[in-house]
file input_28.cif (mmCIF, C-alpha atoms and all ligand atoms)
data_target
#
loop_
_atom_site.label_atom_id
_atom_site.label_comp_id
_atom_site.auth_asym_id
_atom_site.auth_seq_id
_atom_site.Cartn_x
_atom_site.Cartn_y
_atom_site.Cartn_z
CA VAL A 487 30.39 1.41 -10.04
CA SER A 488 31.33 1.65 -13.70
CA ALA A 489 28.72 2.23 -16.36
CA PRO A 490 27.80 -0.78 -18.50
CA THR A 491 29.56 -0.85 -21.88
CA GLY A 492 27.72 1.38 -24.30
CA SER A 493 25.95 3.31 -21.53
CA THR A 494 25.72 7.04 -22.07
CA ARG A 495 24.72 7.60 -18.42
CA GLU A 496 21.77 9.53 -19.73
CA ILE A 497 18.28 9.33 -18.38
CA PRO A 498 15.81 9.26 -21.26
CA PRO A 499 13.27 12.09 -21.45
CA PRO A 500 9.94 11.46 -19.70
CA ASP A 501 7.39 9.26 -21.39
CA PRO A 502 4.98 11.79 -22.95
CA THR A 503 2.06 9.79 -21.56
CA ARG A 504 3.47 10.28 -18.05
CA PRO A 505 4.59 13.89 -17.66
CA PRO A 506 6.61 14.67 -14.51
CA MET A 507 4.46 15.67 -11.55
CA GLN A 508 5.09 17.05 -8.11
CA CYS A 509 3.07 17.24 -4.94
CA ASN A 510 3.48 18.04 -1.28
CA ILE A 511 3.12 14.96 0.92
CA PHE A 512 1.75 16.92 3.88
CA GLN A 513 -1.06 18.14 1.66
CA VAL A 514 -1.74 14.76 0.00
CA VAL A 515 -2.07 12.77 3.23
CA ARG A 516 -4.46 15.37 4.64
CA HIS A 517 -7.21 14.11 2.35
CA SER A 518 -6.15 10.56 1.57
CA ASN A 519 -8.49 7.72 2.55
CA THR A 520 -5.77 5.13 3.12
CA ALA A 521 -2.21 4.52 4.19
CA LEU A 522 0.12 4.12 1.20
CA VAL A 523 -2.07 6.29 -1.01
CA PRO A 524 -0.52 6.53 -4.50
CA MET A 525 0.55 10.19 -4.64
CA PHE A 526 0.74 10.22 -8.45
CA PRO A 527 -1.51 8.50 -10.99
CA TYR A 528 1.28 6.22 -12.25
CA THR A 529 1.05 2.58 -11.19
CA LYS A 530 1.73 0.63 -14.38
CA PRO A 531 4.81 -1.52 -15.15
CA GLY A 532 8.02 0.55 -15.00
CA CYS A 533 6.40 3.40 -13.04
CA LEU A 534 7.70 4.84 -9.81
CA VAL A 535 4.93 4.51 -7.23
CA SER A 536 5.15 6.86 -4.26
CA GLY A 537 2.81 5.82 -1.46
CA GLY A 538 2.11 8.47 1.17
CA SER A 539 0.88 7.81 4.70
CA VAL A 540 0.00 9.74 7.82
CA PHE A 541 -0.36 7.94 11.13
CA TYR A 542 -1.34 9.62 14.38
CA GLY A 543 -1.99 8.61 17.97
CA GLY A 544 -4.88 8.69 20.40
CA PRO A 545 -7.34 6.25 22.00
CA ASN A 546 -8.11 3.23 19.80
CA ARG A 547 -5.52 4.37 17.25
CA GLY A 548 -3.46 1.18 17.52
CA ILE A 549 -2.39 0.17 14.01
CA GLY A 550 -1.24 -3.38 14.74
CA VAL A 551 1.48 -5.05 12.71
CA PHE A 552 1.77 -7.40 9.75
CA ASN A 553 4.47 -8.94 7.62
CA HIS A 554 4.90 -7.77 4.02
CA MET A 555 6.92 -9.44 1.28
CA ASN A 556 7.47 -7.45 -1.90
CA SER A 557 9.42 -8.69 -4.93
CA VAL A 558 10.56 -5.12 -5.70
CA ASP A 559 12.60 -2.89 -3.40
CA GLU A 560 10.91 -0.23 -1.29
CA VAL A 561 12.57 3.01 -0.20
CA ALA A 562 11.02 4.70 2.82
CA ILE A 563 11.40 8.44 3.38
CA CYS A 564 10.19 9.68 6.76
CA PHE A 565 9.27 13.35 6.51
CA ALA A 566 8.13 13.77 10.11
CA SER A 567 7.86 11.50 13.11
CA GLN A 568 7.14 11.69 16.82
CA GLY A 569 7.03 8.83 19.34
CA SER A 570 8.76 6.34 17.05
CA GLY A 571 12.15 4.71 16.51
CA ILE A 572 11.81 5.82 12.88
CA ARG A 573 13.01 9.43 13.04
CA SER A 574 12.19 12.50 10.98
CA GLY A 575 14.55 12.52 8.00
CA ASP A 576 15.24 8.78 7.99
CA VAL A 577 15.61 7.25 4.53
CA PHE A 578 15.97 3.50 4.33
CA SER A 579 15.46 0.44 2.18
CA GLY A 580 14.73 -2.64 4.23
CA ALA A 581 14.57 -6.32 3.45
CA ARG A 582 12.10 -7.46 0.81
CA GLU A 583 10.28 -9.25 3.61
CA HIS A 584 9.67 -6.88 6.51
CA LEU A 585 7.29 -5.96 9.31
CA VAL A 586 4.88 -3.06 8.76
CA GLY A 587 3.29 -1.30 11.73
CA SER A 588 4.22 -1.17 15.42
CA PHE A 589 5.91 2.13 14.54
CA PHE A 590 5.31 3.80 17.88
CA ASP A 591 6.89 3.27 21.30
CA GLU A 592 3.48 3.61 22.94
CA GLU A 593 0.80 2.46 20.55
CA GLU A 594 -1.95 4.97 21.52
CA ALA A 595 0.08 7.94 22.81
CA PRO A 596 -1.74 11.14 21.73
CA ASP A 597 1.45 12.84 20.45
CA ASN A 598 2.30 10.03 18.02
CA LEU A 599 2.59 11.06 14.42
CA MET A 600 4.33 9.94 11.27
CA VAL A 601 4.28 11.28 7.73
CA ILE A 602 6.12 8.82 5.53
CA ALA A 603 6.47 7.96 1.84
CA VAL A 604 7.34 4.52 0.54
CA VAL A 605 8.60 4.52 -3.04
CA GLN A 606 8.91 1.49 -5.27
CA ARG A 607 9.51 1.01 -8.97
CA GLN A 608 7.05 -1.34 -10.58
CA ALA A 609 8.66 -4.24 -12.45
CA ASP A 610 8.96 -3.77 -16.18
CA MET A 611 6.40 -5.40 -18.46
CA ASP A 612 6.89 -9.18 -18.68
CA ILE A 613 8.77 -9.33 -15.37
CA ASP A 614 6.95 -11.08 -12.56
CA GLN A 615 6.06 -8.91 -9.57
CA HIS A 616 4.38 -10.27 -6.50
CA GLU A 617 3.65 -9.58 -2.86
CA GLN A 618 2.58 -11.43 0.24
CA LEU A 619 0.83 -10.20 3.38
CA THR A 620 0.97 -12.22 6.59
CA PHE A 621 -0.77 -11.67 9.90
CA ILE A 622 1.21 -12.87 12.89
CA CYS A 623 -0.09 -14.14 16.22
CA ALA A 624 -0.13 -11.39 18.85
CA LYS A 625 0.88 -13.95 21.51
CA CYS A 626 3.46 -16.27 19.91
CA GLN A 627 4.40 -14.29 16.76
CA LYS A 628 3.85 -17.28 14.47
CA PRO A 629 2.20 -16.64 11.07
CA ILE A 630 -1.55 -17.21 11.26
CA SER A 631 -2.88 -16.05 7.87
CA THR A 632 -1.08 -15.40 4.58
CA HIS A 633 -2.29 -13.85 1.34
CA ALA A 634 -0.04 -13.97 -1.73
CA PHE A 635 -0.89 -12.15 -4.96
CA PRO A 636 0.66 -10.92 -8.22
CA SER A 637 1.10 -7.13 -8.36
CA ARG A 638 0.34 -6.34 -11.97
CA ASN A 639 -1.91 -3.35 -11.34
CA ASP A 640 -3.64 -3.96 -14.66
CA ALA A 641 -7.29 -4.06 -13.47
CA GLY A 642 -8.31 -6.32 -16.35
CA ALA A 643 -10.80 -4.95 -18.87
CA ARG A 644 -10.72 -1.46 -17.36
CA THR A 645 -7.15 -0.97 -18.56
CA VAL A 646 -8.44 0.07 -22.01
CA ILE A 647 -10.53 2.94 -20.61
CA PRO A 648 -9.03 6.33 -21.57
CA GLU A 649 -7.30 8.08 -18.63
CA PHE A 650 -7.77 4.97 -16.48
CA VAL A 651 -5.21 4.40 -13.72
CA PRO A 652 -5.08 0.97 -12.07
CA PRO A 653 -5.46 0.82 -8.29
CA LEU A 654 -2.58 -0.34 -6.13
CA ASP A 655 -2.86 -4.09 -5.58
CA THR A 656 -1.25 -3.83 -2.15
CA LEU A 657 -4.36 -1.94 -1.00
CA THR A 658 -7.09 -3.79 -2.88
CA GLU A 659 -5.64 -7.22 -2.08
CA GLY A 660 -5.05 -6.16 1.51
CA ALA A 661 -8.75 -5.29 1.75
CA VAL A 662 -9.83 -8.69 0.38
CA TRP A 663 -7.62 -10.50 2.84
CA ALA A 664 -8.36 -8.40 5.94
CA ARG A 665 -12.14 -8.51 5.37
CA GLU A 666 -12.07 -12.31 5.34
CA PHE A 667 -9.74 -12.43 8.34
CA ASN A 668 -12.07 -10.17 10.32
CA GLU A 669 -15.21 -12.09 9.31
CA LYS A 670 -13.93 -15.57 10.23
CA ALA A 671 -12.96 -16.17 13.86
CA GLU A 672 -11.37 -19.50 12.90
CA LEU A 673 -8.81 -17.68 10.73
CA ARG A 674 -7.80 -15.56 13.72
CA ARG A 675 -7.19 -18.56 16.02
CA CYS A 676 -3.49 -19.39 16.14
CA LYS A 677 -2.77 -23.03 15.19
CA GLU A 678 0.43 -22.94 17.24
CA CYS A 679 -0.75 -21.59 20.58
CA GLY A 680 -4.55 -21.40 20.26
CA HIS A 681 -4.67 -17.66 20.91
CA ASP A 682 -7.80 -15.94 19.59
CA ASN A 683 -6.31 -12.91 17.86
CA PRO A 684 -8.22 -9.62 17.61
CA LYS A 685 -9.55 -8.35 14.30
CA PHE A 686 -7.08 -6.51 12.08
CA PRO A 687 -7.56 -2.72 12.49
CA LEU A 688 -8.60 -2.32 8.85
CA ASP A 689 -9.98 1.20 9.37
CA MET A 690 -6.54 2.42 10.49
CA TRP A 691 -5.03 1.31 7.15
CA GLY A 692 -7.95 2.37 4.97
CA TRP A 693 -7.59 -0.50 2.47
CA ASP A 694 -11.34 -1.13 2.54
CA ALA A 695 -12.19 2.58 2.14
CA TYR A 696 -9.75 2.89 -0.78
CA THR A 697 -11.10 -0.23 -2.51
CA ARG A 698 -14.76 0.72 -2.11
CA ALA A 699 -14.14 4.31 -3.24
CA TYR A 700 -12.18 2.97 -6.24
CA GLU A 701 -14.98 0.58 -7.22
CA ALA A 702 -17.71 3.22 -6.87
CA ALA A 703 -15.67 5.86 -8.71
CA GLU A 704 -14.95 3.50 -11.61
CA ARG A 705 -18.59 2.45 -11.87
CA GLY A 706 -19.25 6.18 -11.98
CA ARG A 707 -16.71 6.65 -14.76
CA GLU A 708 -18.33 3.86 -16.79
CA LEU A 709 -21.73 5.49 -16.31
CA PHE A 710 -20.31 8.88 -17.28
CA LEU A 711 -18.73 7.51 -20.45
CA ARG A 712 -21.91 5.64 -21.39
CA LEU A 713 -24.07 8.74 -20.91
CA SER A 714 -21.54 10.92 -22.74
CA ALA A 715 -21.65 8.59 -25.73
CA THR A 716 -25.44 8.78 -26.13
ZN ZN A 801 0.05 -18.03 18.57
#
call {"tool": "encode", "arguments": {"input": "input_28.cif", "output": "C-alpha cells", "more": "lines below"}}
Ligand SMILES: [Zn+2]
result
Amino acid sequence: VSAPTGSTREIPPPDPTRPPMQCNIFQVVRHSNTALVPMFPYTKPGCLVSGGSVFYGGPNRGIGVFNHMNSVDEVAICFASQGSGIRSGDVFSGAREHLVGSFFDEEEAPDNLMVIAVVQRQADMDIDQHEQLTFICAKCQKPISTHAFPSRNDAGARTVIPEFVPPLDTLTEGAVWAREFNEKAELRRCKECGHDNPKFPLDMWGWDAYTRAYEAAERGRELFLRLSAT
C-alpha cells in the first residue's frame, strides 16, 4: 500500500488531553463490573476504545448469544482461552455484523475461561457511528427483538463537566434494551415459531451493573462539585 500523496507516514504526537496509558488486562478484568469494560478513560470521537472482558464457566454461567452490528471495525485480541473455538493468542477482525456469545463448546463447563479485548476506534467528530443489538430465537434463530442506537458517547449535558468521561453506549443501551426484553414476556415470544424465549442473562454481561454504577457515580460527582463550590 503506497502512502497518500503528501503523507509523511508520521503519527502525530499524542493529544495532550489524552496522554498515553497502559494497563494489564488480567488486572483490569479482575475488578470490572461488566463485559467490554472500557480499559482506558477515552471514549470520545477519534479515541481508541479497548473493551476488556473475562468470562468463566460453572453452573448457571451460560452467557447466551446475540447479534451485534457496529458501524466501526472491531479487532478482538484473545489473551487466554479454555473450552472455546477462540484460542489463546487469536487476533481477528470479523464482519461488522456478527454474533457475540456462545463462545464455549460446553456452555457451563467449570474449566471455561476467556480473557479477551475488543478494540475499536470511535468515528471522528461529524461522522455517523451507530450500532444495533438483536436477540435471536433460541429455537428457530430468527430475530426476535432489535435495538438500534447512535454511538456518540457524548452523554449530553454532562460532557461539559471537567474530567468527565462518557460511558460506552454499547453497555448503557444494551442495559436499556435487555431490561425491557426481560420485563415483557411478549417481547420474548418468537413471531416466527411461537417459542417463549428465556430472559437474557443480563447479569453475565453486566450492562445493568455498569449503567447503574455509572449513574450513581455521576450523581455523586455532581454532588461533590456542588458541595466543593459552596
Ligand atoms: Zn423462533
call {"tool": "residues_near_ligand", "arguments": {"input": "input_28.cif", "ligand": "ligand ZN 801 (chain A)", "cutoff": "10 Å", "atoms": "all atoms listed in the file", "output": "PyMOL selection string"}}
result
chain A and resi 622-630+674-683
call {"tool": "residues_around", "arguments": {"input": "input_28.cif", "residues": "Asp655 in chain A", "least_positions_apart": "3", "cutoff": "7 Å", "atoms": "all atoms listed in the file", "output": "NGL selection string"}}
result
:A and (637 or 639 or 658-659)
call {"tool": "atom_distance", "arguments": {"input": "input_28.cif", "atom1": "CA of Pro505 in chain A", "atom2": "CA of Leu534 in chain A"}}
result
12.4 Å
call {"tool": "atom_distance", "arguments": {"input": "input_28.cif", "atom1": "CA of Asp689 in chain A", "atom2": "CA of Val604 in chain A"}}
result
19.7 Å
call {"tool": "atom_distance", "arguments": {"input": "input_28.cif", "atom1": "CA of Phe565 in chain A", "atom2": "CA of Val601 in chain A"}}
result
5.5 Å
call {"tool": "closest_residue", "arguments": {"input": "input_28.cif", "among": "A:Arg644, A:Lys670, A:Arg573, A:His584", "to": "Gln618 in chain A", "atoms": "all atoms listed in the file"}}
result
A:His584
call {"tool": "residues_around", "arguments": {"input": "input_28.cif", "residues": "Asp591 in chain A", "least_positions_apart": "4", "cutoff": "10 Å", "atoms": "all atoms listed in the file", "output": "VMD selection string"}}
result
chain A and resid 568 to 571 595 598
call {"tool": "closest_residue", "arguments": {"input": "input_28.cif", "among": "A:Ala671, A:Leu619, A:Ala521, A:Ala702", "to": "Glu583 in chain A", "atoms": "all atoms listed in the file"}}
result
A:Leu619
call {"tool": "residues_near_point", "arguments": {"input": "input_28.cif", "point": "(4.1, -9.1, 4.7)", "cutoff": "10 Å", "atoms": "all atoms listed in the file", "output": "list in words"}}
result
Val551, Phe552, Asn553, His554, Met555, Asn556, Arg582, Glu583, His584, Leu585, Val586, Glu617, Gln618, Leu619, Thr620, Phe621, Ile622, Thr632, His633 and Ala634 of chain A
call {"tool": "residues_around", "arguments": {"input": "input_28.cif", "residues": "Gln606 in chain A", "least_positions_apart": "2", "cutoff": "9 Å", "atoms": "only C-alpha atoms", "output": "number ranges by chain"}}
result
A: 533-537, 558-562, 604, 608
call {"tool": "residues_around", "arguments": {"input": "input_28.cif", "residues": "range 522-531 of chain A", "least_positions_apart": "4", "cutoff": "8 Å", "atoms": "all atoms listed in the file", "output": "list in words"}}
result
Arg504, Met507, Cys509, Ile511, Val514, Val515, Ser518, Val535, Ser536, Gly537, Gly538, Ser539, Ala603, Val604, Gln608, Ala609, Asp610, Met611, Arg638, Asn639, Asp640, Val651, Pro652, Pro653, Leu654 and Leu657 of chain A
call {"tool": "write_last_selection", "arguments": {"input": "input_28.cif", "atoms": "C-alpha atoms", "output": "mmCIF file, keeping the file's coordinate frame"}}
result
data_model
loop_
_atom_site.group_PDB
_atom_site.id
_atom_site.type_symbol
_atom_site.label_atom_id
_atom_site.label_comp_id
_atom_site.auth_asym_id
_atom_site.auth_seq_id
_atom_site.Cartn_x
_atom_site.Cartn_y
_atom_site.Cartn_z
ATOM 1 C CA ARG A 504 3.470 10.280 -18.050
ATOM 2 C CA MET A 507 4.460 15.670 -11.550
ATOM 3 C CA CYS A 509 3.070 17.240 -4.940
ATOM 4 C CA ILE A 511 3.120 14.960 0.920
ATOM 5 C CA VAL A 514 -1.740 14.760 0.000
ATOM 6 C CA VAL A 515 -2.070 12.770 3.230
ATOM 7 C CA SER A 518 -6.150 10.560 1.570
ATOM 8 C CA VAL A 535 4.930 4.510 -7.230
ATOM 9 C CA SER A 536 5.150 6.860 -4.260
ATOM 10 C CA GLY A 537 2.810 5.820 -1.460
ATOM 11 C CA GLY A 538 2.110 8.470 1.170
ATOM 12 C CA SER A 539 0.880 7.810 4.700
ATOM 13 C CA ALA A 603 6.470 7.960 1.840
ATOM 14 C CA VAL A 604 7.340 4.520 0.540
ATOM 15 C CA GLN A 608 7.050 -1.340 -10.580
ATOM 16 C CA ALA A 609 8.660 -4.240 -12.450
ATOM 17 C CA ASP A 610 8.960 -3.770 -16.180
ATOM 18 C CA MET A 611 6.400 -5.400 -18.460
ATOM 19 C CA ARG A 638 0.340 -6.340 -11.970
ATOM 20 C CA ASN A 639 -1.910 -3.350 -11.340
ATOM 21 C CA ASP A 640 -3.640 -3.960 -14.660
ATOM 22 C CA VAL A 651 -5.210 4.400 -13.720
ATOM 23 C CA PRO A 652 -5.080 0.970 -12.070
ATOM 24 C CA PRO A 653 -5.460 0.820 -8.290
ATOM 25 C CA LEU A 654 -2.580 -0.340 -6.130
ATOM 26 C CA LEU A 657 -4.360 -1.940 -1.000
#
call {"tool": "closest_residue", "arguments": {"input": "input_28.cif", "among": "A:Asn519, A:Ser567, A:Glu649, A:Met690", "to": "Gly544 in chain A", "atoms": "only C-alpha atoms"}}
result
A:Met690
call {"tool": "closest_residue", "arguments": {"input": "input_28.cif", "among": "A:Phe686, A:Trp691, A:Phe589, A:Phe667", "to": "Thr520 in chain A", "atoms": "all atoms listed in the file"}}
result
A:Trp691
call {"tool": "build_atoms", "arguments": {"input": "input_28.cif", "residues": "range 689-704 of chain A", "atoms": "N, CA, C and O atoms", "output": "mmCIF file, keeping the file's coordinate frame"}}
result
data_model
loop_
_atom_site.group_PDB
_atom_site.id
_atom_site.type_symbol
_atom_site.label_atom_id
_atom_site.label_comp_id
_atom_site.auth_asym_id
_atom_site.auth_seq_id
_atom_site.Cartn_x
_atom_site.Cartn_y
_atom_site.Cartn_z
ATOM 1 N N ASP A 689 -9.676 -0.236 9.520
ATOM 2 C CA ASP A 689 -9.980 1.200 9.370
ATOM 3 C C ASP A 689 -8.723 2.061 9.484
ATOM 4 O O ASP A 689 -8.624 3.111 8.850
ATOM 5 N N MET A 690 -7.770 1.635 10.317
ATOM 6 C CA MET A 690 -6.540 2.420 10.490
ATOM 7 C C MET A 690 -5.738 2.464 9.187
ATOM 8 O O MET A 690 -5.029 3.434 8.920
ATOM 9 N N TRP A 691 -5.819 1.412 8.390
ATOM 10 C CA TRP A 691 -5.030 1.310 7.150
ATOM 11 C C TRP A 691 -5.815 1.803 5.941
ATOM 12 O O TRP A 691 -5.219 2.116 4.908
ATOM 13 N N GLY A 692 -7.132 1.800 6.032
ATOM 14 C CA GLY A 692 -7.950 2.370 4.970
ATOM 15 C C GLY A 692 -8.037 1.545 3.685
ATOM 16 O O GLY A 692 -8.540 2.034 2.677
ATOM 17 N N TRP A 693 -7.579 0.292 3.719
ATOM 18 C CA TRP A 693 -7.590 -0.500 2.470
ATOM 19 C C TRP A 693 -9.017 -0.701 1.967
ATOM 20 O O TRP A 693 -9.273 -0.674 0.764
ATOM 21 N N ASP A 694 -9.938 -0.909 2.906
ATOM 22 C CA ASP A 694 -11.340 -1.130 2.540
ATOM 23 C C ASP A 694 -11.945 0.163 1.966
ATOM 24 O O ASP A 694 -12.610 0.134 0.925
ATOM 25 N N ALA A 695 -11.671 1.287 2.626
ATOM 26 C CA ALA A 695 -12.190 2.580 2.140
ATOM 27 C C ALA A 695 -11.657 2.881 0.746
ATOM 28 O O ALA A 695 -12.398 3.316 -0.149
ATOM 29 N N TYR A 696 -10.374 2.642 0.530
ATOM 30 C CA TYR A 696 -9.750 2.890 -0.780
ATOM 31 C C TYR A 696 -10.393 2.008 -1.849
ATOM 32 O O TYR A 696 -10.747 2.478 -2.934
ATOM 33 N N THR A 697 -10.563 0.715 -1.525
ATOM 34 C CA THR A 697 -11.100 -0.230 -2.510
ATOM 35 C C THR A 697 -12.551 0.098 -2.852
ATOM 36 O O THR A 697 -12.936 0.104 -4.024
ATOM 37 N N ARG A 698 -13.351 0.409 -1.846
ATOM 38 C CA ARG A 698 -14.760 0.720 -2.110
ATOM 39 C C ARG A 698 -14.908 2.044 -2.869
ATOM 40 O O ARG A 698 -15.745 2.166 -3.767
ATOM 41 N N ALA A 699 -14.083 3.028 -2.514
ATOM 42 C CA ALA A 699 -14.140 4.310 -3.240
ATOM 43 C C ALA A 699 -13.680 4.109 -4.687
ATOM 44 O O ALA A 699 -14.247 4.687 -5.621
ATOM 45 N N TYR A 700 -12.656 3.279 -4.881
ATOM 46 C CA TYR A 700 -12.180 2.970 -6.240
ATOM 47 C C TYR A 700 -13.299 2.326 -7.064
ATOM 48 O O TYR A 700 -13.582 2.758 -8.189
ATOM 49 N N GLU A 701 -13.938 1.306 -6.484
ATOM 50 C CA GLU A 701 -14.980 0.580 -7.220
ATOM 51 C C GLU A 701 -16.148 1.517 -7.576
ATOM 52 O O GLU A 701 -16.638 1.514 -8.709
ATOM 53 N N ALA A 702 -16.580 2.318 -6.617
ATOM 54 C CA ALA A 702 -17.710 3.220 -6.870
ATOM 55 C C ALA A 702 -17.322 4.284 -7.901
ATOM 56 O O ALA A 702 -18.097 4.597 -8.814
ATOM 57 N N ALA A 703 -16.110 4.826 -7.779
ATOM 58 C CA ALA A 703 -15.670 5.860 -8.710
ATOM 59 C C ALA A 703 -15.576 5.304 -10.128
ATOM 60 O O ALA A 703 -15.953 5.981 -11.101
ATOM 61 N N GLU A 704 -15.096 4.076 -10.271
ATOM 62 C CA GLU A 704 -14.950 3.500 -11.610
ATOM 63 C C GLU A 704 -16.294 3.097 -12.202
ATOM 64 O O GLU A 704 -16.493 3.189 -13.409
#
